[in-house]
Amino acid sequence: MGKADKKIEEHMQEDRSCRLAKLLFTLLVVLSVPVSRAYGAPNESSFSLEKISVTADSLEAGKRTVSLEKVRRSQSRDIKDVFAAEPSVTVGGGARSAQRIYLRGVEGTNLNITIDGATQGRNLFQHRGNAGGIDPDLLKSVVVAPGPVADNGAGALGGSIAFETVDAQDLLYPGRSSGFMLKNGYATVDDSWRGSAAAYGLVGGWLGVLAHVSAENSGDYRAGGGEDVHGSAGKDRDYFLKLSVLDKAGHSVRVSAEKNTNSGLYRWGAGDAGYDESATLYYQESERETYVFDHRYRMPGSRLVDWRFNLYKNNLYLKNRDSGTETESEGTGGQVRNTALFDLAGTSHRLTVGADYYSEEGTHRNQGVQTGTDNKAENLGFFVRHRMGIGPVGISFGARYDDYETAFGGMMVSGGEWSPSAGVELELSRGLTAHAGYGEAVRSTGIIPVQWLANASATPTFNTQTGKNSYGKPFEPERSLQREIGLRYSGSGLVASGDNFSITGTLFKTKINNLIMQIGGTQGRPVSGFYNDDPVISSGWEVRGSWSSRSFSSTLGYSHVDTEDQYGNPLAITRRKGASTGDRMIWDTRWRASGNLIFGYTLTAVGAIKKGALDRPGYVLHDLQAEWLPEGLDGVSFSMVVNNLLDRRYSDQASIESGDTVIYEPGRDLRLVASYRF
């Protein structure tokens with residue numbers, strides 16, 4: 001047994017008797033996953049189109065909410081599972097430590113990703129993913145906004161993703177003031193056990209308290225039809241505490257604290273690229289600590305005051321225990337905004353005005369001693385957005401001003417930039433609307449990892465990189481320009497009385513200019529300068545359709561994205577920039593066979609990429625889900641999920657290749673979960 005294998009045994013091996021005890025526990029207890037009731041529908045006896053009122057509130061055509069019913073039905077374990085049914089979102093990487101999010105081909109470093117309003121900070125290390133950890137069981141909503149708009153936060157070059165966690169009040173049974181949840185599950189692909197427990201209730205009838213803890217231990221996962229993937233085993237822990245007061249004289253206050261950790265024996269220098277079954281593994285720990293205070297106020301009897309005030313602290317850590325290095329990012333910030341609703345001369349209006357602030361400081365330590373300098377960045381933003389409805393027309397326009405200051409080595413770069421946005425939606429006929437939008441976003445911090453920035457020169461150069469279009473030009477902040485146009489069609493009674501259906505088609509193009517890159521930094525070399533890189537362009541189209549009745553629902557999504565350079569050449573997977581991915585189609589179906597038995601099926605089909613030097617095969621996956629709620633056992637549920645049913649051997653097209661190697665994704669995975677909620 002080699003040295004790395006001994007470490008795996010030391011850190012990951014569990015006693016067989018403990019596993020047997022856990023299996024018995026699975027059969028006895030565990031958390032009841034909330035099951036959505038049948039889809040409601042109007043009682044109509046014939047085909048009809050939905051009357052769509054174009055108002056100030058309907059101008060969010062680009063935004064969409066991830067189906068948490070699908071997330072829970074699939075017994076999701078990580079971020080990759082959360083977005084499994086979103087064709088426009090790809091999560092590559094294989095091992096959890098290397099996972100990276102791509103939205104319409106744009107890498108997650110260029111998105112504004114928040115958890116309960118807390119911005120998630122910069123990339124810590126070149127070869128680590130940026131997906132981060134969050135327990136899917138804690139999610140109340142996940143909102144994906146592909147395009148930048150004035151009130152979506154700072155730095156949303158490729159859009160934004162907002163995660164919101166549950167409150168105690170969301171989990172309580174009607175008429176109950178307290179509750180408990182227990183959950184335990186097993187997955188075959190990596191011999192993993194996952195358990196969680198939560199206690200929640202109302203104190204004094206108004207103060208919600210939620211305490212949640214979850215843990216997962218997993219071994220190396222088995223790739224489709226093949227071998228175990230060396231360096232993919234890990235341990236995950238999540239600790240969450242939240243206090244909430246909701247709708248008390250118009251006020252809602254939430255205070256939360258979360259600590260999420262992932263540890264394991266992973267590759268270090270090239271952990272996100274290619275595959276090497278003999279690579280040396282290092283024991284690593286990544287950690288996120290998030291603290292949030294959130295106050296909202298809606299003035300009773302008035303639509304002019306809808307206030308939100310949010311403060312947060314978000315710390316990220318990456319520790320290589322074997323080499324004695326640690327990279328850290330400390331972020332603090334907040335936001336205040338008010339939305340006023342009013343009608344004027346037959347038109348409806350929604351006016352949002354606010355400001356946000358974000359400060360981040362990154363450091364790197366070796367054997368406990370700080371190396372290089374602190375990486376500091378600050379951004380103060382002011383924004384206004386006005387949405388109005390005029391008969392069949394909806395209009396949105398706004399602007400954002402960002403005042404920034406960022407340290408690049410020993411030099412401080414500061415300035416201020418305006419970013420406009422606008423949109424329009426038009427009702428063409430009953431049930432059919434068209435929409436178009438344009439938006440810009442600005443960021444000054446670049447896509448350079450914290451560890452590299454710590455080793456930047458005290459007197460770096462700017463735009464002296466030869467062979468780049470920026471050579472000799474003024475050093476500029478990053479700026480994106482996004483355009484979108486589409487159609488939406490909704491109705492009911494298409495197949496049977498009371499059913500609902502909708503279909504949306506969208507054309508889009510996002511161009512990111514002046515991406516800030518570094519000279520040096522690799523293989524321990526100091527960073528000697530910075531330059532504005534050539535543009536990255538993401539363009540394509542999406543189609544989404546859904547149909548539902550009282551016991552059946554089905555959704556179909558198709559996404560075609562071209563990620564290219566300014567000359568039209570396809571972009572190979574490039575860290576922190578973007579990736580070319582094949583056409584993606586996802587069909588998800590759910591059937592409530594009876595009041596206590598639910599089935600689901602998900603088809604994922606990804607087309608091959610053959611563009612220039614890019615040659616990545618496509619693949620087709622089949623996933624099954626089933627859930628049983630035994631009669632007479634209130635709160636008890638049993639779930640079975642089979643992912644990659646045919647054990648297909650494939651790699652996600654957003655996973656980085658190295659030579660002729662790439663990390664393959666998990667093969668057939670049987671998940672068994674028992675849960676109890678009382």
# chains A, B, ... in the order shown; residues from 1 in each chain; ligands from 1
call {"tool": "closest_atom_pairs", "arguments": {"of": "region 180-231 of chain A", "to": "region 631-647 of chain A", "cutoff": "10 Å", "atoms": "only C-alpha atoms", "output": "CSV"}}
result
residue,atom,partner,partner_atom,distance
A:Met181,CA,A:Gly635,CA,9.0
A:Leu182,CA,A:Val636,CA,9.8
A:Lys183,CA,A:Ser637,CA,9.7
A:Gly185,CA,A:Ser639,CA,9.0
A:Tyr186,CA,A:Met640,CA,9.9
A:Ala187,CA,A:Val641,CA,9.1
A:Thr188,CA,A:Val642,CA,9.7
A:Val189,CA,A:Asn643,CA,9.5
A:Arg222,CA,A:Asp647,CA,9.9
A:Ala223,CA,A:Asp647,CA,8.3
A:Gly224,CA,A:Asp647,CA,4.9
A:Gly225,CA,A:Asp647,CA,5.8
A:Gly226,CA,A:Asp647,CA,9.1
call {"tool": "write_last_selection", "arguments": {"atoms": "C-alpha atoms", "output": "compact mmCIF listing (two decimals), in the first residue's frame"}}
result
# COMPACT_ATOMS: atom_id res chain seq x y z
CA MET A 181 -36.16 16.42 11.19
CA LEU A 182 -33.86 13.43 10.88
CA LYS A 183 -32.39 12.10 7.67
CA GLY A 185 -28.92 8.06 3.33
CA TYR A 186 -26.44 5.90 1.48
CA ALA A 187 -24.99 6.22 -2.05
CA THR A 188 -23.34 3.31 -3.81
CA VAL A 189 -21.11 5.13 -6.29
CA ARG A 222 -16.39 4.97 -9.33
CA ALA A 223 -16.42 6.36 -12.85
CA GLY A 224 -18.94 4.98 -15.33
CA GLY A 225 -18.05 1.45 -16.36
CA GLY A 226 -14.59 1.74 -14.86
call {"tool": "residues_around", "arguments": {"residues": "Asn569 (chain A)", "least_positions_apart": "4", "cutoff": "12 Å", "atoms": "only C-alpha atoms", "output": "ChimeraX atom specification"}}
result
/A:535-538,562-565,580,610-614
call {"tool": "residues_around", "arguments": {"residues": "region 517-532 of chain A", "least_positions_apart": "4", "cutoff": "7 Å", "atoms": "only C-alpha atoms", "output": "list of chain:residue names"}}
result
A:Gly446, A:Ile447, A:Ile448, A:Trp452, A:Asn455, A:Ala456, A:Ser457, A:Pro460, A:Thr461, A:Phe462, A:Asn463, A:Thr464, A:Gln465, A:Ser470, A:Phe475, A:Glu476
call {"tool": "write_last_selection", "arguments": {"atoms": "all heavy atoms", "output": "short mmCIF file (atom, residue, chain, number, x, y, z; two decimals), in the first residue's frame"}}
result
data_model
loop_
_atom_site.label_atom_id
_atom_site.label_comp_id
_atom_site.auth_asym_id
_atom_site.auth_seq_id
_atom_site.Cartn_x
_atom_site.Cartn_y
_atom_site.Cartn_z
N GLY A 446 -10.68 41.71 -11.11
CA GLY A 446 -10.04 40.72 -11.96
C GLY A 446 -10.37 39.30 -11.56
O GLY A 446 -11.14 39.04 -10.63
N ILE A 447 -9.78 38.35 -12.28
CA ILE A 447 -10.07 36.93 -12.06
C ILE A 447 -8.84 36.21 -11.54
O ILE A 447 -8.68 35.00 -11.69
CB ILE A 447 -10.55 36.27 -13.37
CG1 ILE A 447 -9.51 36.42 -14.49
CG2 ILE A 447 -11.88 36.88 -13.81
CD1 ILE A 447 -9.89 35.71 -15.77
N ILE A 448 -7.96 36.93 -10.89
CA ILE A 448 -6.69 36.38 -10.41
C ILE A 448 -6.87 35.80 -9.01
O ILE A 448 -7.40 36.48 -8.12
CB ILE A 448 -5.62 37.48 -10.39
CG1 ILE A 448 -5.55 38.18 -11.75
CG2 ILE A 448 -4.25 36.91 -10.03
CD1 ILE A 448 -4.83 39.49 -11.74
N TRP A 452 -2.05 33.95 -5.85
CA TRP A 452 -1.13 34.61 -6.77
C TRP A 452 -0.96 36.09 -6.42
O TRP A 452 0.14 36.63 -6.46
CB TRP A 452 -1.63 34.47 -8.20
CG TRP A 452 -1.35 33.13 -8.80
CD1 TRP A 452 -0.63 32.11 -8.23
CD2 TRP A 452 -1.78 32.66 -10.07
NE1 TRP A 452 -0.60 31.03 -9.07
CE2 TRP A 452 -1.28 31.33 -10.21
CE3 TRP A 452 -2.52 33.21 -11.09
CZ2 TRP A 452 -1.52 30.57 -11.34
CZ3 TRP A 452 -2.76 32.46 -12.23
CH2 TRP A 452 -2.27 31.15 -12.36
N ASN A 455 1.65 37.27 -4.00
CA ASN A 455 3.04 37.31 -4.44
C ASN A 455 3.28 38.33 -5.54
O ASN A 455 4.23 38.20 -6.32
CB ASN A 455 3.48 35.92 -4.92
CG ASN A 455 3.45 34.89 -3.80
OD1 ASN A 455 3.89 35.16 -2.70
ND2 ASN A 455 2.92 33.71 -4.09
N ALA A 456 2.42 39.33 -5.63
CA ALA A 456 2.57 40.35 -6.66
C ALA A 456 3.67 41.34 -6.28
O ALA A 456 3.92 41.61 -5.10
CB ALA A 456 1.26 41.09 -6.87
N SER A 457 4.28 41.90 -7.29
CA SER A 457 5.36 42.87 -7.10
C SER A 457 4.86 44.14 -6.45
O SER A 457 3.70 44.52 -6.60
CB SER A 457 5.99 43.18 -8.47
OG SER A 457 6.84 44.30 -8.40
N PRO A 460 4.26 46.67 -9.87
CA PRO A 460 3.89 45.89 -11.06
C PRO A 460 3.72 46.78 -12.29
O PRO A 460 3.48 47.99 -12.18
CB PRO A 460 2.56 45.26 -10.65
CG PRO A 460 1.98 46.24 -9.69
CD PRO A 460 3.14 46.80 -8.93
N THR A 461 3.81 46.15 -13.45
CA THR A 461 3.54 46.86 -14.70
C THR A 461 2.07 46.68 -15.08
O THR A 461 1.41 45.75 -14.62
CB THR A 461 4.42 46.32 -15.83
OG1 THR A 461 4.11 44.92 -16.04
CG2 THR A 461 5.90 46.46 -15.47
N PHE A 462 1.58 47.57 -15.95
CA PHE A 462 0.19 47.49 -16.39
C PHE A 462 0.13 47.62 -17.91
O PHE A 462 0.67 48.57 -18.50
CB PHE A 462 -0.64 48.59 -15.74
CG PHE A 462 -0.81 48.43 -14.25
CD1 PHE A 462 0.07 49.02 -13.37
CD2 PHE A 462 -1.85 47.65 -13.75
CE1 PHE A 462 -0.08 48.86 -12.00
CE2 PHE A 462 -2.00 47.49 -12.38
CZ PHE A 462 -1.11 48.08 -11.51
N ASN A 463 -0.50 46.62 -18.54
CA ASN A 463 -0.68 46.58 -20.00
C ASN A 463 0.64 46.70 -20.77
O ASN A 463 0.74 47.43 -21.77
CB ASN A 463 -1.66 47.67 -20.46
CG ASN A 463 -3.11 47.27 -20.24
OD1 ASN A 463 -3.42 46.09 -20.02
ND2 ASN A 463 -4.01 48.24 -20.30
N THR A 464 1.63 45.95 -20.31
CA THR A 464 2.89 45.86 -21.06
C THR A 464 3.10 44.46 -21.63
O THR A 464 4.18 44.14 -22.09
CB THR A 464 4.09 46.21 -20.16
OG1 THR A 464 4.15 45.28 -19.07
CG2 THR A 464 3.97 47.63 -19.62
N GLN A 465 2.04 43.61 -21.59
CA GLN A 465 2.12 42.27 -22.14
C GLN A 465 2.06 42.35 -23.66
O GLN A 465 1.06 42.79 -24.24
CB GLN A 465 0.97 41.40 -21.61
CG GLN A 465 0.91 40.01 -22.21
CD GLN A 465 1.84 39.06 -21.51
OE1 GLN A 465 2.72 39.47 -20.77
NE2 GLN A 465 1.67 37.77 -21.76
N SER A 470 -4.37 45.12 -25.59
CA SER A 470 -4.31 46.19 -24.60
C SER A 470 -2.92 46.80 -24.46
O SER A 470 -2.74 47.72 -23.68
CB SER A 470 -4.75 45.64 -23.24
OG SER A 470 -3.89 44.59 -22.82
N PHE A 475 -4.97 51.07 -18.34
CA PHE A 475 -5.49 49.90 -17.62
C PHE A 475 -6.94 50.16 -17.24
O PHE A 475 -7.25 51.17 -16.60
CB PHE A 475 -4.63 49.66 -16.38
CG PHE A 475 -4.92 48.37 -15.67
CD1 PHE A 475 -4.69 47.16 -16.29
CD2 PHE A 475 -5.40 48.37 -14.38
CE1 PHE A 475 -4.94 45.96 -15.64
CE2 PHE A 475 -5.66 47.19 -13.71
CZ PHE A 475 -5.43 45.98 -14.34
N GLU A 476 -7.85 49.27 -17.65
CA GLU A 476 -9.28 49.50 -17.50
C GLU A 476 -9.92 48.45 -16.60
O GLU A 476 -9.44 47.30 -16.53
CB GLU A 476 -9.97 49.45 -18.87
CG GLU A 476 -9.50 50.48 -19.86
CD GLU A 476 -10.04 51.86 -19.56
OE1 GLU A 476 -10.93 51.99 -18.68
OE2 GLU A 476 -9.59 52.83 -20.20
#
call {"tool": "atom_distance", "arguments": {"atom1": "CA of Ile390 (chain A)", "atom2": "CA of Ser502 (chain A)"}}
result
23.6 Å
call {"tool": "closest_residue", "arguments": {"among": "A:Gly324, A:Gly331, A:Gly158, A:Gly659", "to": "Asn513 (chain A)", "atoms": "only C-alpha atoms"}}
result
A:Gly158
call {"tool": "atom_distance", "arguments": {"atom1": "CA of Thr119 (chain A)", "atom2": "CA of Phe408 (chain A)"}}
result
20.8 Å
call {"tool": "closest_residue", "arguments": {"among": "A:Arg668, A:Lys70, A:Arg288, A:Arg104", "to": "Thr261 (chain A)", "atoms": "only C-alpha atoms"}}
result
A:Arg288
call {"tool": "closest_residue", "arguments": {"among": "A:Gln120, A:Ser348, A:Ser497, A:Thr433", "to": "Thr332 (chain A)", "atoms": "only C-alpha atoms"}}
result
A:Gln120
call {"tool": "closest_atom_pairs", "arguments": {"of": "region 48-153 of chain A", "to": "region 354-362 of chain A", "cutoff": "10 Å", "atoms": "only C-alpha atoms", "output": "JSON lines"}}
result
{"residue": "A:Ala118", "atom": "CA", "partner": "A:Tyr358", "partner_atom": "CA", "distance": 9.4}
{"residue": "A:Thr119", "atom": "CA", "partner": "A:Tyr358", "partner_atom": "CA", "distance": 8.0}
{"residue": "A:Gly121", "atom": "CA", "partner": "A:Glu360", "partner_atom": "CA", "distance": 7.3}
{"residue": "A:Arg122", "atom": "CA", "partner": "A:Glu360", "partner_atom": "CA", "distance": 8.4}
{"residue": "A:Asn123", "atom": "CA", "partner": "A:Gly362", "partner_atom": "CA", "distance": 9.9}
{"residue": "A:Leu124", "atom": "CA", "partner": "A:Gly362", "partner_atom": "CA", "distance": 8.3}
{"residue": "A:Ala150", "atom": "CA", "partner": "A:Gly354", "partner_atom": "CA", "distance": 9.9}
{"residue": "A:Asp151", "atom": "CA", "partner": "A:Gly354", "partner_atom": "CA", "distance": 7.9}
{"residue": "A:Gly153", "atom": "CA", "partner": "A:Asp356", "partner_atom": "CA", "distance": 7.4}
call {"tool": "write_last_selection", "arguments": {"atoms": "N, CA and C atoms", "output": "PDB file, in the first residue's frame"}}
result
ATOM      1  N   ALA A 118     -25.089  37.416   0.981  1.00  0.00           N
ATOM      2  CA  ALA A 118     -23.649  37.529   1.238  1.00  0.00           C
ATOM      3  C   ALA A 118     -22.862  37.141  -0.007  1.00  0.00           C
ATOM      4  N   THR A 119     -22.116  38.079  -0.564  1.00  0.00           N
ATOM      5  CA  THR A 119     -21.273  37.814  -1.724  1.00  0.00           C
ATOM      6  C   THR A 119     -20.190  36.802  -1.358  1.00  0.00           C
ATOM      7  N   GLY A 121     -17.169  35.988  -2.654  1.00  0.00           N
ATOM      8  CA  GLY A 121     -15.741  36.258  -2.680  1.00  0.00           C
ATOM      9  C   GLY A 121     -14.983  35.672  -3.849  1.00  0.00           C
ATOM     10  N   ARG A 122     -13.664  35.926  -3.832  1.00  0.00           N
ATOM     11  CA  ARG A 122     -12.801  35.595  -4.960  1.00  0.00           C
ATOM     12  C   ARG A 122     -12.280  34.162  -4.891  1.00  0.00           C
ATOM     13  N   ASN A 123     -11.731  33.723  -6.022  1.00  0.00           N
ATOM     14  CA  ASN A 123     -11.112  32.415  -6.105  1.00  0.00           C
ATOM     15  C   ASN A 123      -9.844  32.403  -5.259  1.00  0.00           C
ATOM     16  N   LEU A 124      -9.636  31.335  -4.487  1.00  0.00           N
ATOM     17  CA  LEU A 124      -8.500  31.281  -3.586  1.00  0.00           C
ATOM     18  C   LEU A 124      -7.245  30.705  -4.235  1.00  0.00           C
ATOM     19  N   ALA A 150     -29.320  46.650 -13.071  1.00  0.00           N
ATOM     20  CA  ALA A 150     -28.789  47.611 -12.113  1.00  0.00           C
ATOM     21  C   ALA A 150     -28.892  47.147 -10.667  1.00  0.00           C
ATOM     22  N   ASP A 151     -29.952  46.393 -10.310  1.00  0.00           N
ATOM     23  CA  ASP A 151     -30.159  46.047  -8.902  1.00  0.00           C
ATOM     24  C   ASP A 151     -29.796  44.598  -8.596  1.00  0.00           C
ATOM     25  N   GLY A 153     -26.627  43.576  -8.003  1.00  0.00           N
ATOM     26  CA  GLY A 153     -25.376  43.530  -7.259  1.00  0.00           C
ATOM     27  C   GLY A 153     -24.169  43.857  -8.100  1.00  0.00           C
TER      28      GLY A 153
END
call {"tool": "select_by_dssp", "arguments": {"residues": "region 71-249 of chain A", "states": "helix (DSSP H, G or I)", "output": "number ranges by chain"}}
result
A: 71-73, 79-82, 96-98, 108-110, 136-138, 168-171
call {"tool": "closest_residue", "arguments": {"among": "A:His295, A:His349, A:Lys63, A:His364", "to": "Ser329 (chain A)", "atoms": "only C-alpha atoms"}}
result
A:His364
call {"tool": "select_by_dssp", "arguments": {"residues": "region 465-559 of chain A", "states": "strand (DSSP E)", "output": "ChimeraX atom specification"}}
result
/A:478-492,500-513,516-520,527-532,536-548,552-559
call {"tool": "closest_residue", "arguments": {"among": "A:Tyr664, A:Gly117, A:Ser549, A:Asp623", "to": "Tyr221 (chain A)", "atoms": "only C-alpha atoms"}}
result
A:Tyr664
call {"tool": "residues_around", "arguments": {"residues": "Arg77 (chain A)", "least_positions_apart": "2", "cutoff": "7 Å", "atoms": "only C-alpha atoms", "output": "ChimeraX atom specification"}}
result
/A:75,81,136
call {"tool": "write_last_selection", "arguments": {"atoms": "N, CA, C and O atoms", "output": "compact mmCIF listing (two decimals), in the first residue's frame"}}
result
# COMPACT_ATOMS: atom_id res chain seq x y z
N GLN A 75 -32.63 13.85 -4.21
CA GLN A 75 -31.76 13.70 -3.04
C GLN A 75 -30.38 14.30 -3.32
O GLN A 75 -29.34 13.67 -3.17
N ASP A 81 -25.51 18.73 -8.14
CA ASP A 81 -26.85 18.15 -8.15
C ASP A 81 -27.92 19.23 -8.20
O ASP A 81 -28.97 19.06 -8.84
N PRO A 136 -27.91 21.27 0.26
CA PRO A 136 -29.14 21.50 -0.51
C PRO A 136 -30.41 21.44 0.33
O PRO A 136 -31.42 22.06 -0.03
call {"tool": "closest_residue", "arguments": {"among": "A:Ser178, A:Ser323, A:Gln284, A:Thr352", "to": "Ser396 (chain A)", "atoms": "only C-alpha atoms"}}
result
A:Thr352
call {"tool": "atom_distance", "arguments": {"atom1": "CA of Val166 (chain A)", "atom2": "CA of Asn310 (chain A)"}}
result
16.4 Å
